[in-house]
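Participant: Got a structure for you, written out below as structure tokens; questions coming shortly.
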Amino acid sequence: MKINDISCLLDRWAPPGIAWERDNPGLQVGDPTARLMGILLAFDITPEVLSYALEKKLNLIITHHPLLFHPLRKINTSAPGIPALVRTALVNDLSVYSYHTNLDYARGGVSFSLAEMIGLHNIRFLEPAPTKRNKLVVFVPKESLQKVSDAIFNAGGGIIGSYSECSFFSEGTGTFRGDEGSNPVIGTKGNFENVEEVRLEIIFNEWDRTKIINALLASHPYEQPAFDIYKLENSHENFGAGAIGELSEDTDVREFLKMVSKALNIPCLRYSAITKERVKRIAVCGGAGEEYSRKAAACGADVFITADIRYHNFLDARDNILLIDAGHYETESHILGQLKKEILKHSETAGIPIEIFPRNANPVFYYTYKE
């Protein structure tokens, strides 16, 4: 198994194409064609993470935060920080992949996992993502329908929610007249032909467009297949920002604060003025998600849990919703366990060593004054 085989598996769950446009998920450093020896999952890349990977002979490191988030203008390998980390990875044949906002936006990703940790039910996206999907319509001879549809499915087409290999077809008649330069598979050039064909319709993600078209052209028997691509406007059921759900029953708000603190193992929560004594509908967004606070309120949430909330947002929320800042690290670091589960779902990874870095740690410390 090669390193890029793992990224292909994970990309089906959290495709880079769904990431925030200024993000940099995917390969950060290394050779994706190298043989996979083992996988280390870490929240951030640090010298300690690299040393551990070398010690355990794990040549693929998968992180949540990208090593190369901002473009580099130069790499001075004698300098500390990112250049030194890049050098260490390269000279030791380590590869680094990152799954960042694409993992934030995935069903079962950062926010969904956070919602499950605090005990929510009926979990759905807070802000479903714009679709970034298209519908392919192609006309195929009836006897070639299976071959063409299988090729498109294998290229990533036909996924709707929890269902794969989704399509629709209807039968009809196609007509054509080939000129002197043609070489028709069916009929004779120069003649007007009527052919029994099938109209095949399959949805696909925009980031798979090139693969889908190549698969279509390679599998279709015609010299020049007739096909159309339509942009879809409906929201995507598998991707979105944040999550929202309900507790099993109305809960005392102070008891809920205790539940969150315990679930996320955070000694200190920052929160806005308490607006309700009992809460049930809860919205979350792992990491820095304060921009979704108004959406959470509009969706009827009693509470919105996220991180990195600024002073004025606490002030503005005092009459609408309870804001809880539960820490950037605390609302995201649980995703490493989910990543491991996702990798282990695939039989191809059987026998590959997979470890979570045992010393992942919050770089932010808390001081609580006591008399």
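Please note that chains go A, B, ... in the order of the structure tokens, that every chain numbers its residues from 1, and that ligands are numbered from 1 in the order shown.
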Give me, as a VMD selection string, the residues of range 47-192 of chain A that a backbone DSSP run labels strand (DSSP E).
Facilitator: chain A and resid 60 to 63 95 to 98 121 to 128 133 to 141 168 to 177 192
Participant: Residues at most 9 Å from His220 in chain A, counting only C-alpha atoms, excluding those fewer than 2 positions away in the same chain, as a list in words?
Facilitator: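 Residues meeting the cut-off are Val140, Pro141, Ser144, Leu145, Lys147, Val148, Ala215, Leu216, Leu217, Ala218, Tyr222, Glu223, Gln224 and Pro225 of chain A.
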Participant: With a distance cut-off of 7 Å and only C-alpha atoms, select the neighbouring residues of Leu58 in chain A, excluding the residue or stretch itself and same-chain residues fewer than 5 positions from it, and output the selection as a VMD selection string.
Facilitator: chain A and resid 37 to 40 53
Participant: Among range 175-349 of chain A, which residues carry a DSSP assignment of helix (DSSP H, G or I), reported as a PyMOL selection string?
Facilitator: chain A and resi 206-219+253-264+290-298+311-319+328-332+335-344+347-349
Participant: Which polymer residues have any atom within 9 Å of an atom of Asp31 in chain A, counting only C-alpha atoms, with same-chain residues fewer than 4 positions away left out, as a VMD selection string?
Facilitator: chain A and resid 3 to 4 27 90 93 to 95
Participant: Show me, as a VMD selection string, the residues that have an atom within 12 Å of Ala298 in chain A when counting only C-alpha atoms, minus same-chain residues fewer than 4 positions from it.
Facilitator: chain A and resid 126 to 127 244 281 283 292 to 294 302 to 304 320 to 321
Participant: Could you dump the residues just selected with N, CA and C atoms as a PDB file, in the first residue's frame?
Facilitator:
```pdb
ATOM      1  N   LEU A 126     -25.501  22.642  10.871  1.00  0.00           N
ATOM      2  CA  LEU A 126     -26.007  23.966  11.212  1.00  0.00           C
ATOM      3  C   LEU A 126     -26.170  24.803   9.954  1.00  0.00           C
ATOM      4  N   GLU A 127     -25.203  24.745   9.070  1.00  0.00           N
ATOM      5  CA  GLU A 127     -25.213  25.518   7.823  1.00  0.00           C
ATOM      6  C   GLU A 127     -24.816  24.583   6.692  1.00  0.00           C
ATOM      7  N   ILE A 244     -26.035  20.893  14.750  1.00  0.00           N
ATOM      8  CA  ILE A 244     -27.075  21.263  15.708  1.00  0.00           C
ATOM      9  C   ILE A 244     -27.874  20.010  16.057  1.00  0.00           C
ATOM     10  N   ARG A 281     -31.956  22.590  22.841  1.00  0.00           N
ATOM     11  CA  ARG A 281     -31.383  22.592  21.488  1.00  0.00           C
ATOM     12  C   ARG A 281     -30.015  23.273  21.521  1.00  0.00           C
ATOM     13  N   ALA A 283     -26.283  24.092  19.458  1.00  0.00           N
ATOM     14  CA  ALA A 283     -25.495  24.164  18.221  1.00  0.00           C
ATOM     15  C   ALA A 283     -24.019  24.199  18.582  1.00  0.00           C
ATOM     16  N   TYR A 292     -20.923  31.800  13.109  1.00  0.00           N
ATOM     17  CA  TYR A 292     -22.176  31.045  12.973  1.00  0.00           C
ATOM     18  C   TYR A 292     -23.114  31.244  14.165  1.00  0.00           C
ATOM     19  N   SER A 293     -22.797  32.183  15.053  1.00  0.00           N
ATOM     20  CA  SER A 293     -23.635  32.367  16.242  1.00  0.00           C
ATOM     21  C   SER A 293     -25.036  32.859  15.874  1.00  0.00           C
ATOM     22  N   ARG A 294     -25.128  33.757  14.905  1.00  0.00           N
ATOM     23  CA  ARG A 294     -26.449  34.248  14.505  1.00  0.00           C
ATOM     24  C   ARG A 294     -27.252  33.156  13.814  1.00  0.00           C
ATOM     25  N   ASP A 302     -30.624  27.096  21.905  1.00  0.00           N
ATOM     26  CA  ASP A 302     -30.522  27.770  23.201  1.00  0.00           C
ATOM     27  C   ASP A 302     -29.074  28.116  23.519  1.00  0.00           C
ATOM     28  N   VAL A 303     -28.142  27.302  22.975  1.00  0.00           N
ATOM     29  CA  VAL A 303     -26.717  27.433  23.278  1.00  0.00           C
ATOM     30  C   VAL A 303     -25.919  27.251  21.992  1.00  0.00           C
ATOM     31  N   PHE A 304     -24.820  27.986  21.865  1.00  0.00           N
ATOM     32  CA  PHE A 304     -23.883  27.765  20.769  1.00  0.00           C
ATOM     33  C   PHE A 304     -22.488  27.604  21.358  1.00  0.00           C
ATOM     34  N   ASN A 320     -30.002  36.866  23.151  1.00  0.00           N
ATOM     35  CA  ASN A 320     -30.462  35.943  22.114  1.00  0.00           C
ATOM     36  C   ASN A 320     -30.110  34.476  22.362  1.00  0.00           C
ATOM     37  N   ILE A 321     -28.884  34.230  22.807  1.00  0.00           N
ATOM     38  CA  ILE A 321     -28.398  32.857  22.876  1.00  0.00           C
ATOM     39  C   ILE A 321     -27.235  32.805  23.859  1.00  0.00           C
TER      40      ILE A 321
END
```
Participant: Using only C-alpha atoms, what does the table of range 189-290 of chain A residues within 6 Å of range 116-125 of chain A look like, with each row giving the shortest atom pair and its distance in Å to one decimal, sorted by chain and ascending number, as CSV?
Facilitator:
```
residue,atom,partner,partner_atom,distance
A:Gly240,CA,A:Phe125,CA,5.7
A:Gly242,CA,A:Phe125,CA,5.8
A:Ala243,CA,A:Phe125,CA,4.4
A:Ile244,CA,A:Ile123,CA,5.6
A:Gly245,CA,A:Ile123,CA,4.5
A:Glu246,CA,A:Leu120,CA,5.1
A:Leu247,CA,A:Leu120,CA,4.9
```
Participant: Those residues with C-alpha atoms, as a PDB file, in the first residue's frame please?
Facilitator:
```pdb
ATOM      1  CA  GLY A 240     -21.661  21.792   5.881  1.00  0.00           C
ATOM      2  CA  GLY A 242     -21.217  23.293  12.391  1.00  0.00           C
ATOM      3  CA  ALA A 243     -23.839  20.949  13.780  1.00  0.00           C
ATOM      4  CA  ILE A 244     -27.075  21.263  15.708  1.00  0.00           C
ATOM      5  CA  GLY A 245     -29.057  18.762  17.754  1.00  0.00           C
ATOM      6  CA  GLU A 246     -31.000  18.251  20.940  1.00  0.00           C
ATOM      7  CA  LEU A 247     -30.326  16.933  24.412  1.00  0.00           C
TER       8      LEU A 247
END
```
Participant: Give the answer as one residue: which of A:Ile266, A:Val49, A:Leu60, A:Ile160 has the shortest atom-to-atom distance to Tyr367 in chain A, using only C-alpha atoms?
Facilitator: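 Of A:Ile266, A:Val49, A:Leu60, A:Ile160, the one nearest Tyr367 in chain A is A:Ile266, counting only C-alpha atoms.
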Participant: So, with only C-alpha atoms as the atoms that count, which of A:Lys56, A:Lys258, A:Lys142, A:His64 lies closest to Glu332 in chain A?
Facilitator: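 Residue with the minimum atom-to-atom distance to Glu332 in chain A: A:His64.
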Participant: Excluding Phe43 in chain A and its own-chain neighbours fewer than 2 positions away, which residues fall within 12 Å of it when counting only C-alpha atoms? Please give them as an NGL selection string.
Facilitator: :A and (40-41 or 45-46 or 48-49 or 61-67 or 96-100 or 328-337 or 339 or 356-363)
Participant: Using only C-alpha atoms for the distances, tell me which of A:Ser7, A:Asn92, A:Ser170, A:Thr33 is nearest to Val198 in chain A.
Facilitator: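 Distance minimum relative to Val198 in chain A lands on A:Ser170.
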Participant: Could you check which of A:Ala129, A:Ala106, A:Val29, A:Met1 is closest to Ala89 in chain A, using only C-alpha atoms?
Facilitator: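 Closest to Ala89 in chain A, using only C-alpha atoms: A:Val29.
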Participant: Of the residues A:Ala241, A:Asn76, A:Ile213, A:Ala317, which is the one nearest to Ile274 in chain A, using only C-alpha atoms?
Facilitator: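 Smallest distance to Ile274 in chain A is found for A:Ala317.
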